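Pasted below: data-v6.pdb, PDB, C-alpha atoms and all ligand atoms.
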ATOM      1  CA  MET A   1    -172.337 -51.619-121.854
ATOM      2  CA  LYS A   2    -172.165 -53.659-118.637
ATOM      3  CA  MET A   3    -168.860 -55.400-117.950
ATOM      4  CA  ASP A   4    -169.104 -56.074-114.199
ATOM      5  CA  GLY A   5    -167.239 -59.230-113.245
ATOM      6  CA  LYS A   6    -165.466 -59.423-116.622
ATOM      7  CA  THR A   7    -161.713 -59.417-117.085
ATOM      8  CA  VAL A   8    -160.375 -57.884-120.280
ATOM      9  CA  LEU A   9    -156.851 -57.713-121.661
ATOM     10  CA  VAL A  10    -156.193 -54.875-124.115
ATOM     11  CA  THR A  11    -152.758 -54.936-125.700
ATOM     12  CA  GLY A  12    -151.397 -51.570-126.752
ATOM     13  CA  SER A  13    -153.582 -49.687-124.306
ATOM     14  CA  THR A  14    -150.991 -47.127-123.229
ATOM     15  CA  ASP A  15    -151.797 -44.991-126.272
ATOM     16  CA  GLY A  16    -154.232 -44.384-129.120
ATOM     17  CA  VAL A  17    -157.445 -46.314-129.593
ATOM     18  CA  GLY A  18    -156.452 -49.018-127.091
ATOM     19  CA  ARG A  19    -156.208 -46.413-124.350
ATOM     20  CA  TYR A  20    -159.737 -45.192-125.104
ATOM     21  CA  VAL A  21    -161.090 -48.754-125.161
ATOM     22  CA  ALA A  22    -159.444 -49.635-121.832
ATOM     23  CA  THR A  23    -160.884 -46.512-120.195
ATOM     24  CA  LYS A  24    -164.399 -47.254-121.439
ATOM     25  CA  LEU A  25    -164.248 -50.907-120.369
ATOM     26  CA  ALA A  26    -163.093 -49.887-116.900
ATOM     27  CA  SER A  27    -165.929 -47.384-116.609
ATOM     28  CA  ALA A  28    -168.349 -50.184-117.570
ATOM     29  CA  GLY A  29    -167.116 -52.237-114.612
ATOM     30  CA  ALA A  30    -164.497 -54.513-116.192
ATOM     31  CA  LYS A  31    -161.259 -55.480-114.528
ATOM     32  CA  VAL A  32    -158.899 -54.132-117.177
ATOM     33  CA  LEU A  33    -155.462 -55.525-117.840
ATOM     34  CA  ILE A  34    -153.605 -52.759-119.618
ATOM     35  CA  HIS A  35    -150.477 -53.348-121.652
ATOM     36  CA  GLY A  36    -147.705 -51.438-123.391
ATOM     37  CA  ARG A  37    -144.002 -50.806-123.227
ATOM     38  CA  ASP A  38    -144.015 -47.476-121.474
ATOM     39  CA  ARG A  39    -144.441 -47.537-117.694
ATOM     40  CA  ALA A  40    -144.948 -43.759-117.397
ATOM     41  CA  ARG A  41    -147.776 -43.734-119.970
ATOM     42  CA  ALA A  42    -149.352 -46.733-118.231
ATOM     43  CA  LYS A  43    -149.227 -44.953-114.876
ATOM     44  CA  THR A  44    -150.980 -41.884-116.302
ATOM     45  CA  LEU A  45    -153.745 -44.134-117.662
ATOM     46  CA  ALA A  46    -154.046 -46.124-114.429
ATOM     47  CA  ASP A  47    -154.230 -42.886-112.405
ATOM     48  CA  GLU A  48    -156.974 -41.612-114.722
ATOM     49  CA  ILE A  49    -159.073 -44.790-114.398
ATOM     50  CA  ARG A  50    -158.556 -44.954-110.643
ATOM     51  CA  GLY A  51    -159.268 -41.206-110.270
ATOM     52  CA  GLN A  52    -162.643 -41.692-111.939
ATOM     53  CA  GLY A  53    -163.461 -44.390-109.386
ATOM     54  CA  HIS A  54    -163.403 -47.161-111.973
ATOM     55  CA  GLY A  55    -161.313 -49.725-110.161
ATOM     56  CA  GLU A  56    -157.687 -50.640-110.305
ATOM     57  CA  PRO A  57    -156.262 -51.502-113.734
ATOM     58  CA  ILE A  58    -153.313 -53.859-113.769
ATOM     59  CA  PHE A  59    -150.379 -52.958-115.992
ATOM     60  CA  TYR A  60    -148.334 -55.509-117.920
ATOM     61  CA  GLN A  61    -145.161 -54.251-119.526
ATOM     62  CA  ALA A  62    -144.080 -56.289-122.520
ATOM     63  CA  ASP A  63    -142.337 -55.571-125.796
ATOM     64  CA  LEU A  64    -144.167 -57.519-128.474
ATOM     65  CA  SER A  65    -141.307 -57.143-130.937
ATOM     66  CA  SER A  66    -139.939 -60.254-129.261
ATOM     67  CA  LEU A  67    -141.727 -63.585-128.903
ATOM     68  CA  ALA A  68    -140.237 -63.877-125.437
ATOM     69  CA  GLY A  69    -142.047 -60.643-124.544
ATOM     70  CA  ALA A  70    -145.373 -62.089-125.707
ATOM     71  CA  ARG A  71    -144.732 -65.310-123.781
ATOM     72  CA  GLN A  72    -143.922 -63.389-120.592
ATOM     73  CA  LEU A  73    -147.108 -61.365-120.949
ATOM     74  CA  ALA A  74    -149.248 -64.500-121.392
ATOM     75  CA  GLU A  75    -147.541 -66.285-118.520
ATOM     76  CA  ALA A  76    -148.130 -63.342-116.184
ATOM     77  CA  VAL A  77    -151.815 -63.100-117.131
ATOM     78  CA  LEU A  78    -152.310 -66.859-116.737
ATOM     79  CA  ALA A  79    -150.565 -66.862-113.358
ATOM     80  CA  GLU A  80    -152.476 -63.916-111.933
ATOM     81  CA  HIS A  81    -156.035 -64.286-113.244
ATOM     82  CA  LYS A  82    -158.672 -66.964-112.885
ATOM     83  CA  ARG A  83    -160.649 -65.779-115.885
ATOM     84  CA  LEU A  84    -160.274 -63.849-119.122
ATOM     85  CA  ASP A  85    -163.505 -62.838-120.814
ATOM     86  CA  VAL A  86    -162.149 -60.702-123.628
ATOM     87  CA  PHE A  87    -158.740 -60.508-125.269
ATOM     88  CA  ILE A  88    -158.334 -57.462-127.501
ATOM     89  CA  SER A  89    -155.233 -57.836-129.656
ATOM     90  CA  ASN A  90    -154.676 -54.204-130.519
ATOM     91  CA  ALA A  91    -150.987 -53.364-130.117
ATOM     92  CA  GLY A  92    -149.441 -52.416-133.405
ATOM     93  CA  ILE A  93    -147.054 -50.313-135.388
ATOM     94  CA  GLY A  94    -147.776 -48.383-138.568
ATOM     95  CA  SER A  95    -146.264 -48.507-142.025
ATOM     96  CA  ARG A  96    -143.785 -45.800-141.084
ATOM     97  CA  THR A  97    -143.154 -46.478-137.388
ATOM     98  CA  GLN A  98    -139.386 -46.262-136.837
ATOM     99  CA  GLY A  99    -139.042 -45.257-140.489
ATOM    100  CA  SER A 100    -140.391 -47.015-143.534
ATOM    101  CA  GLU A 101    -137.330 -49.193-144.170
ATOM    102  CA  ARG A 102    -137.253 -52.922-143.417
ATOM    103  CA  ARG A 103    -136.512 -53.821-139.795
ATOM    104  CA  THR A 104    -136.478 -57.087-137.950
ATOM    105  CA  SER A 105    -137.730 -58.226-134.562
ATOM    106  CA  ALA A 106    -135.612 -59.691-131.770
ATOM    107  CA  ASP A 107    -136.299 -63.080-133.364
ATOM    108  CA  GLY A 108    -135.173 -61.960-136.821
ATOM    109  CA  HIS A 109    -138.679 -61.699-138.315
ATOM    110  CA  GLU A 110    -139.878 -58.746-140.381
ATOM    111  CA  LEU A 111    -140.876 -56.230-137.708
ATOM    112  CA  ARG A 112    -144.443 -55.292-138.751
ATOM    113  CA  PHE A 113    -145.321 -58.970-139.264
ATOM    114  CA  ALA A 114    -143.830 -59.755-135.848
ATOM    115  CA  VAL A 115    -145.466 -56.979-133.803
ATOM    116  CA  ASN A 116    -148.819 -56.690-135.582
ATOM    117  CA  TYR A 117    -149.480 -60.366-136.253
ATOM    118  CA  LEU A 118    -147.127 -62.983-134.843
ATOM    119  CA  SER A 119    -147.135 -61.766-131.240
ATOM    120  CA  GLY A 120    -150.968 -61.670-131.266
ATOM    121  CA  PHE A 121    -151.078 -65.183-132.750
ATOM    122  CA  LEU A 122    -148.819 -66.453-129.962
ATOM    123  CA  LEU A 123    -150.692 -64.564-127.235
ATOM    124  CA  ALA A 124    -154.073 -65.871-128.392
ATOM    125  CA  HIS A 125    -152.848 -69.465-128.376
ATOM    126  CA  LEU A 126    -151.222 -69.189-124.967
ATOM    127  CA  LEU A 127    -154.312 -67.491-123.510
ATOM    128  CA  LEU A 128    -156.778 -69.923-125.106
ATOM    129  CA  PRO A 129    -157.011 -72.315-122.139
ATOM    130  CA  LEU A 130    -158.103 -69.417-119.908
ATOM    131  CA  LEU A 131    -160.463 -68.023-122.560
ATOM    132  CA  ARG A 132    -162.006 -71.481-123.026
ATOM    133  CA  ALA A 133    -162.422 -71.883-119.271
ATOM    134  CA  SER A 134    -164.115 -68.460-119.131
ATOM    135  CA  ALA A 135    -166.509 -69.083-122.062
ATOM    136  CA  PRO A 136    -168.540 -67.391-123.359
ATOM    137  CA  SER A 137    -165.510 -65.299-124.177
ATOM    138  CA  ARG A 138    -164.215 -63.262-127.089
ATOM    139  CA  ILE A 139    -161.059 -62.481-129.015
ATOM    140  CA  VAL A 140    -160.994 -59.229-130.972
ATOM    141  CA  ASN A 141    -158.199 -58.727-133.483
ATOM    142  CA  VAL A 142    -157.724 -55.089-134.399
ATOM    143  CA  ALA A 143    -156.752 -55.304-138.078
ATOM    144  CA  SER A 144    -157.327 -52.887-140.947
ATOM    145  CA  LEU A 145    -158.849 -52.290-144.372
ATOM    146  CA  GLY A 146    -155.247 -52.003-145.521
ATOM    147  CA  GLN A 147    -154.618 -55.603-146.657
ATOM    148  CA  HIS A 148    -152.014 -57.177-148.933
ATOM    149  CA  PRO A 149    -151.822 -60.902-149.796
ATOM    150  CA  LEU A 150    -148.908 -62.863-148.379
ATOM    151  CA  ASP A 151    -146.257 -64.160-150.744
ATOM    152  CA  PHE A 152    -145.408 -67.447-149.040
ATOM    153  CA  ASP A 153    -142.051 -67.473-150.847
ATOM    154  CA  ASP A 154    -141.070 -64.232-149.113
ATOM    155  CA  VAL A 155    -143.235 -63.610-146.031
ATOM    156  CA  MET A 156    -140.389 -61.711-144.372
ATOM    157  CA  LEU A 157    -140.297 -59.332-147.357
ATOM    158  CA  THR A 158    -136.592 -59.553-148.029
ATOM    159  CA  LYS A 159    -137.109 -58.335-151.598
ATOM    160  CA  GLY A 160    -138.594 -55.009-152.704
ATOM    161  CA  TYR A 161    -139.569 -53.951-149.186
ATOM    162  CA  SER A 162    -142.246 -51.350-148.589
ATOM    163  CA  GLY A 163    -143.551 -50.338-145.172
ATOM    164  CA  THR A 164    -147.051 -50.001-146.580
ATOM    165  CA  ARG A 165    -147.009 -53.538-147.953
ATOM    166  CA  ALA A 166    -145.490 -54.883-144.730
ATOM    167  CA  TYR A 167    -148.223 -53.243-142.658
ATOM    168  CA  ALA A 168    -150.998 -54.430-144.996
ATOM    169  CA  GLN A 169    -149.592 -57.987-145.091
ATOM    170  CA  SER A 170    -149.501 -58.112-141.276
ATOM    171  CA  LYS A 171    -153.117 -56.935-141.124
ATOM    172  CA  LEU A 172    -154.336 -59.544-143.629
ATOM    173  CA  ALA A 173    -152.417 -62.180-141.642
ATOM    174  CA  GLN A 174    -154.444 -61.147-138.560
ATOM    175  CA  ILE A 175    -157.669 -61.605-140.542
ATOM    176  CA  MET A 176    -156.622 -64.980-141.975
ATOM    177  CA  PHE A 177    -155.767 -66.081-138.442
ATOM    178  CA  THR A 178    -159.191 -64.876-137.268
ATOM    179  CA  ILE A 179    -161.051 -66.920-139.882
ATOM    180  CA  ASP A 180    -158.863 -69.985-139.314
ATOM    181  CA  LEU A 181    -159.082 -69.854-135.519
ATOM    182  CA  ALA A 182    -162.870 -69.394-135.625
ATOM    183  CA  ARG A 183    -163.135 -72.734-137.457
ATOM    184  CA  GLU A 184    -161.038 -74.384-134.749
ATOM    185  CA  LEU A 185    -163.059 -72.783-131.935
ATOM    186  CA  GLU A 186    -166.498 -73.667-133.304
ATOM    187  CA  GLY A 187    -168.722 -74.835-130.448
ATOM    188  CA  SER A 188    -166.216 -73.821-127.760
ATOM    189  CA  GLY A 189    -168.029 -70.642-126.688
ATOM    190  CA  VAL A 190    -164.964 -68.587-127.619
ATOM    191  CA  THR A 191    -165.585 -66.253-130.556
ATOM    192  CA  VAL A 192    -162.949 -64.478-132.607
ATOM    193  CA  ASN A 193    -163.537 -61.538-134.920
ATOM    194  CA  ALA A 194    -161.406 -58.881-136.584
ATOM    195  CA  LEU A 195    -162.097 -55.318-137.580
ATOM    196  CA  HIS A 196    -161.000 -52.121-139.192
ATOM    197  CA  PRO A 197    -161.803 -49.693-136.357
ATOM    198  CA  ALA A 198    -161.841 -46.460-138.406
ATOM    199  CA  THR A 199    -159.754 -44.790-141.089
ATOM    200  CA  TYR A 200    -156.820 -42.620-140.025
ATOM    201  CA  MET A 201    -157.783 -41.995-136.441
ATOM    202  CA  ASN A 202    -155.954 -39.271-134.623
ATOM    203  CA  THR A 203    -153.306 -41.498-133.025
ATOM    204  CA  THR A 204    -149.532 -41.596-132.719
ATOM    205  CA  MET A 205    -149.258 -44.170-135.518
ATOM    206  CA  VAL A 206    -151.125 -41.960-137.963
ATOM    207  CA  ARG A 207    -149.449 -38.714-136.934
ATOM    208  CA  GLU A 208    -145.944 -40.173-137.130
ATOM    209  CA  GLY A 209    -146.795 -41.384-140.640
ATOM    210  CA  GLY A 210    -147.341 -37.749-141.635
ATOM    211  CA  ILE A 211    -151.017 -38.441-142.360
ATOM    212  CA  THR A 212    -153.767 -35.975-141.531
ATOM    213  CA  PRO A 213    -156.289 -37.803-139.301
ATOM    214  CA  ILE A 214    -159.841 -38.071-140.631
ATOM    215  CA  SER A 215    -161.484 -40.101-137.834
ATOM    216  CA  THR A 216    -161.554 -39.795-134.093
ATOM    217  CA  VAL A 217    -160.253 -42.324-131.599
ATOM    218  CA  GLU A 218    -163.808 -42.485-130.235
ATOM    219  CA  GLN A 219    -165.187 -43.668-133.602
ATOM    220  CA  GLY A 220    -162.680 -46.501-133.889
ATOM    221  CA  GLY A 221    -162.797 -47.276-130.192
ATOM    222  CA  ASP A 222    -166.573 -47.666-130.219
ATOM    223  CA  ALA A 223    -166.282 -50.165-133.094
ATOM    224  CA  ILE A 224    -163.800 -52.221-131.033
ATOM    225  CA  LEU A 225    -166.109 -52.039-127.999
ATOM    226  CA  HIS A 226    -168.977 -53.268-130.187
ATOM    227  CA  LEU A 227    -167.077 -56.491-130.938
ATOM    228  CA  ALA A 228    -165.815 -56.801-127.361
ATOM    229  CA  ALA A 229    -169.169 -56.357-125.647
ATOM    230  CA  GLY A 230    -172.070 -56.010-128.104
ATOM    231  CA  ASP A 231    -174.979 -58.421-127.579
ATOM    232  CA  ASP A 232    -175.701 -58.552-131.330
ATOM    233  CA  VAL A 233    -172.269 -60.064-132.044
ATOM    234  CA  ALA A 234    -172.129 -62.418-129.049
ATOM    235  CA  ALA A 235    -172.547 -65.518-131.237
ATOM    236  CA  LYS A 236    -170.726 -64.216-134.320
ATOM    237  CA  SER A 237    -167.281 -65.564-135.100
ATOM    238  CA  GLY A 238    -164.760 -65.604-137.935
ATOM    239  CA  LEU A 239    -165.985 -62.284-139.312
ATOM    240  CA  PHE A 240    -164.347 -59.033-140.335
ATOM    241  CA  PHE A 241    -166.082 -55.755-139.567
ATOM    242  CA  ASN A 242    -165.493 -52.384-141.173
ATOM    243  CA  GLY A 243    -166.381 -50.275-138.147
ATOM    244  CA  THR A 244    -169.544 -52.001-136.928
ATOM    245  CA  GLN A 245    -170.573 -53.543-140.280
ATOM    246  CA  PRO A 246    -169.613 -57.044-141.466
ATOM    247  CA  SER A 247    -167.437 -56.640-144.533
ATOM    248  CA  GLN A 248    -165.517 -58.593-147.178
ATOM    249  CA  VAL A 249    -161.734 -58.861-147.066
ATOM    250  CA  ASN A 250    -158.913 -59.642-149.464
ATOM    251  CA  PRO A 251    -159.699 -62.968-151.263
ATOM    252  CA  GLN A 252    -156.619 -64.689-149.821
ATOM    253  CA  ALA A 253    -158.364 -64.827-146.437
ATOM    254  CA  TYR A 254    -161.130 -67.032-147.925
ATOM    255  CA  ASP A 255    -158.559 -69.486-149.279
ATOM    256  CA  GLU A 256    -158.531 -72.247-146.657
ATOM    257  CA  THR A 257    -155.253 -73.637-147.974
ATOM    258  CA  ALA A 258    -153.559 -70.253-147.570
ATOM    259  CA  CYS A 259    -154.931 -69.927-144.025
ATOM    260  CA  LYS A 260    -153.634 -73.394-143.132
ATOM    261  CA  ARG A 261    -150.269 -72.541-144.664
ATOM    262  CA  LEU A 262    -150.079 -69.374-142.576
ATOM    263  CA  ARG A 263    -151.057 -71.358-139.475
ATOM    264  CA  ALA A 264    -148.297 -73.923-140.093
ATOM    265  CA  LEU A 265    -145.726 -71.172-140.643
ATOM    266  CA  SER A 266    -146.845 -69.284-137.530
ATOM    267  CA  LEU A 267    -146.724 -72.406-135.357
ATOM    268  CA  GLU A 268    -143.220 -73.062-136.605
ATOM    269  CA  LEU A 269    -142.031 -69.472-136.081
ATOM    270  CA  THR A 270    -143.493 -69.249-132.569
ATOM    271  CA  GLY A 271    -142.403 -72.742-131.525
ATOM    272  CA  LEU A 272    -145.954 -73.768-130.640
ATOM    273  CA  PRO A 273    -146.846 -77.436-131.066
ATOM    274  CA  ALA A 274    -148.684 -78.228-134.295
TER     275      ALA A 274
HETATM  276  N1  LIG B   1    -154.924 -45.342-136.338
HETATM  277  C1  LIG B   1    -155.687 -45.812-137.314
HETATM  278  O1  LIG B   1    -156.291 -45.057-138.087
HETATM  279  C2  LIG B   1    -155.865 -47.304-137.482
HETATM  280  C3  LIG B   1    -156.618 -47.778-138.571
HETATM  281  C4  LIG B   1    -156.781 -49.151-138.722
HETATM  282  C5  LIG B   1    -156.254 -50.003-137.792
HETATM  283  N2  LIG B   1    -155.521 -49.508-136.734
HETATM  284  C6  LIG B   1    -154.961 -50.466-135.779
HETATM  285  O2  LIG B   1    -155.346 -50.079-134.471
HETATM  286  C7  LIG B   1    -154.368 -50.557-133.535
HETATM  287  C8  LIG B   1    -153.995 -49.444-132.566
HETATM  288  O3  LIG B   1    -153.403 -48.407-133.324
HETATM  289  P1  LIG B   1    -153.327 -46.882-132.831
HETATM  290  O4  LIG B   1    -153.627 -46.063-134.033
HETATM  291  O5  LIG B   1    -154.099 -46.692-131.576
HETATM  292  O6  LIG B   1    -151.758 -46.767-132.560
HETATM  293  P2  LIG B   1    -150.889 -45.995-131.459
HETATM  294  O7  LIG B   1    -151.596 -44.793-130.934
HETATM  295  O8  LIG B   1    -149.563 -45.795-132.117
HETATM  296  O9  LIG B   1    -150.786 -47.046-130.259
HETATM  297  C9  LIG B   1    -150.126 -48.257-130.453
HETATM  298  C10 LIG B   1    -150.126 -49.059-129.168
HETATM  299  O10 LIG B   1    -149.418 -50.285-129.438
HETATM  300  C11 LIG B   1    -148.332 -50.392-128.538
HETATM  301  N3  LIG B   1    -147.144 -50.974-129.166
HETATM  302  C12 LIG B   1    -146.509 -50.570-130.286
HETATM  303  N4  LIG B   1    -145.408 -51.319-130.492
HETATM  304  C13 LIG B   1    -145.348 -52.215-129.484
HETATM  305  C14 LIG B   1    -144.435 -53.228-129.130
HETATM  306  N5  LIG B   1    -143.334 -53.495-129.845
HETATM  307  N6  LIG B   1    -144.678 -53.945-128.007
HETATM  308  C15 LIG B   1    -145.754 -53.681-127.237
HETATM  309  N7  LIG B   1    -146.650 -52.724-127.515
HETATM  310  C16 LIG B   1    -146.448 -51.989-128.628
HETATM  311  C17 LIG B   1    -148.024 -48.972-128.103
HETATM  312  O11 LIG B   1    -147.374 -49.036-126.851
HETATM  313  P3  LIG B   1    -146.279 -47.964-126.346
HETATM  314  O12 LIG B   1    -147.034 -46.986-125.507
HETATM  315  O13 LIG B   1    -145.337 -48.788-125.591
HETATM  316  O14 LIG B   1    -145.700 -47.325-127.605
HETATM  317  C18 LIG B   1    -149.405 -48.362-128.033
HETATM  318  O15 LIG B   1    -150.011 -48.665-126.806
HETATM  319  C19 LIG B   1    -153.202 -51.087-134.378
HETATM  320  O16 LIG B   1    -153.260 -52.488-134.449
HETATM  321  C20 LIG B   1    -153.447 -50.474-135.735
HETATM  322  O17 LIG B   1    -152.871 -51.224-136.779
HETATM  323  C21 LIG B   1    -155.321 -48.195-136.563
END
Take the structure in this file and express it as C-alpha cells.
Amino acid sequence: MKMDGKTVLVTGSTDGVGRYVATKLASAGAKVLIHGRDRARAKTLADEIRGQGHGEPIFYQADLSSLAGARQLAEAVLAEHKRLDVFISNAGIGSRTQGSERRTSADGHELRFAVNYLSGFLLAHLLLPLLRASAPSRIVNVASLGQHPLDFDDVMLTKGYSGTRAYAQSKLAQIMFTIDLARELEGSGVTVNALHPATYMNTTMVREGGITPISTVEQGGDAILHLAAGDDVAAKSGLFFNGTQPSQVNPQAYDETACKRLRALSLELTGLPA
C-alpha cells in the first residue's frame, strides 16, 4: 500500500479498528487526520505514529453525538487542508454502549442513529466539495452485517426500543446512504462503498457489550484498508463488502424509494439543503 501525498480522515481513530487503520495509513505515507473525543488517547496514538517516523498526524476532537460537533469537524478539515483523498467514516457506538436503553443525541435524535449514521451523512456532504476537488477519491462507510430495516413511521425508535435493533438500523442506514450517494456521484471520480470489517473484533465496543471477541482488529482493519487503498476497488462504488468480498445486504437498501426517503429525512434532520 502506497499512500504518499494522500490525505486521509479516519473518524473514530482514537480506539479500536480505526486506530489500527490510521497507524497503517500513516506508515504507508499518508497524511492522517485522526479523530475522536479523547485528547489523551489521541496523543498516545500521535506519539506512536511520530515515534515510528511516520509523519505528524493531526488530531481533530469532535463529539459526533451532536450535529454541531460534526459540522465543526468538517469546517476544520476544510479550512486546514487543500485535499482529501479518503474519508473513512468509522466512528461508532455499539448496541450496548452507555447501556442498552434508549438515549438521545444533543439534537434529540436516537443516539445510535445519530452517532453511527447521521453524523457520517452530514460529514460526507460537507466534505464532498474537497473530495470532488481531490478526485479520484474515496468514501468508506464502516457499517456491519447487523442490519435492520428502518420503520419510517418511527425512525427514532420511540416504541419497543432495543439497542440491538437501534445499532442494526443505524448500520443499514449507512449502507442505504452508500448506495444512494454512489448514484449521485456517478462520473465524479469519488467512489463510496460500505463494509462489514469483521465479526466481533477485539475492541472496546465488543468488550463493553459483554461479547467474547472472535476476530482481530487486524482482520477488520485490513478489510477497511482494502476499500480505502486497494487498486482492485478503485473504480467500484455503491457496494457493500463483507470483509473483502462484495456481498448482499438487507433488501430495504435496494429499494430506491426507501433510500430517497432516508435521504430526504436526513437532509431535513441535518439542515442541509435538499
Ligand atoms: N467491533 C466489531 O466487531 C465491529 C463489527 C462490525 C462493524 N464495526 C464498526 O466498526 C466501527 C469501529 O468500531 P470499533 O469496534 O473499533 O469500536 P471502538 O473500539 O469502540 O472505537 C470506536 C471509536 O469511535 C469513536 N466514537 C464513539 N462515539 C463517538 C462520538 N460520540 N463522537 C466521536 N467519536 C466517537 C471512539 O472515540 P473515543 O476514543 O472518543 O471513545 C473510538 O475512536 C464502528 O462503526 C462499528 O460499528 C465493528
Can you tell me which residues sit at most 6 Å away from ligand LIG 1 (chain B), counting all atoms listed in the file, written as a ChimeraX atom specification? /A:12-18,36-38,62-65,90-93,115,142-144,196-201,203-206
Using all atoms listed in the file, find the one residue out of A:Gln52, A:Gln61, A:Thr191, A:Asn116 that sits nearest to Leu239 of chain A. A:Thr191
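Using all atoms listed in the file, the smallest distance between any of A:Leu111, A:Leu131, A:Leu227, A:Leu265 and Met1 of chain A comes from A:Leu227.
Of the listed residues A:Ile58, A:Leu122, A:Ile49, A:Ile224, the one whose atoms come nearest to Thr23 of chain A is A:Ile49, with distances taken using only C-alpha atoms.
For the structure in this document, the set picked by the PyMOL selection byres (((chain A and resi 167) around 8) and not hetatm) is Ile93, Gly94, Ser95, Arg112, Phe113, Asn116, Gly146, Gln147, Gly163, Thr164, Arg165, Ala166, Ala168, Gln169, Ser170 and Lys171 of chain A.
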List as an MDAnalysis selection string the residues having at least one atom at most 10 Å from position (-170.9, -60.8, -121.3) as given in the file, counting only C-alpha atoms. chainID A and resid 1:6 85:86 135:138 228:231 234
Compare A:Leu172, A:Leu195, A:Leu118, A:Leu67 by their minimum atom-to-atom distance to Ala106 of chain A, counting all atoms listed in the file, and give me the closest one. A:Leu67
Exercise: His81 of chain A partners within 10 Å, only C-alpha atoms, chain neighbours under 6 positions left out, as a PyMOL selection string: chain A and resi 7+33+130
Best match for closeness to Arg263 of chain A among A:Leu45, A:Val233, A:Ile175, A:Leu73, counting only C-alpha atoms: A:Ile175
Closest of A:Gln219, A:Thr270, A:Gln252, A:Thr212 to Ala124 of chain A - atom-to-atom distances counting only C-alpha atoms: A:Thr270
Mind telling me what the PyMOL selection byres (((chain A and resi 150) around 9) and not hetatm) catches here, as an MDAnalysis selection string? chainID A and resid 148:149 151:155 169:170 172:173 252 258 262
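Computed from the coordinates, the atom CA of Leu157 of chain A to atom CA of Gly108 of chain A distance equals 12.0 Å.
Straight-line separation from atom CA of Phe59 of chain A to atom CA of Asn193 of chain A: 24.6 Å.
When the PyMOL selection byres (((chain A and resi 89) around 6) and not hetatm) is run on the displayed coordinates, the residues it returns are Thr11, Ile88, Asn90, Gly120 and Asn141 of chain A.
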Selection export as a PDB file, in the frame of the given file, atoms kept: C-alpha atoms:
ATOM      1  CA  THR A  11    -152.758 -54.936-125.700  1.00  0.00           C
ATOM      2  CA  ILE A  88    -158.334 -57.462-127.501  1.00  0.00           C
ATOM      3  CA  ASN A  90    -154.676 -54.204-130.519  1.00  0.00           C
ATOM      4  CA  GLY A 120    -150.968 -61.670-131.266  1.00  0.00           C
ATOM      5  CA  ASN A 141    -158.199 -58.727-133.483  1.00  0.00           C
TER       6      ASN A 141
END
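If you look at atom CA of Asp107 of chain A and atom CA of Glu256 of chain A, they are 27.5 Å away from each other.
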Edge lengths and centre in Å, axis-aligned, segment 190-196 of chain A plus 3 Å each side, as AutoDock Vina command-line options:
--center_x -163.3 --center_y -60.4 --center_z -133.4 --size_x 10.6 --size_y 22.5 --size_z 17.6
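Residues with any atom within 7 Å of Leu123 of chain A, counting only C-alpha atoms and excluding same-chain neighbours fewer than 6 positions away, are Ala70, Arg71 and Ala74 of chain A.
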Within 7 Å of segment 160-162 of chain A, counting all atoms listed in the file, which residues show up once you throw out same-chain ones fewer than 6 positions away? Write them as a PyMOL selection string, please. chain A and resi 100-102
Quick one: everything within 8 Å of Ala22 of chain A, counting only C-alpha atoms, minus sequence neighbours fewer than 2 positions away in the same chain. Send it as a PyMOL selection string. chain A and resi 10+13+18-20+24-26+32+34
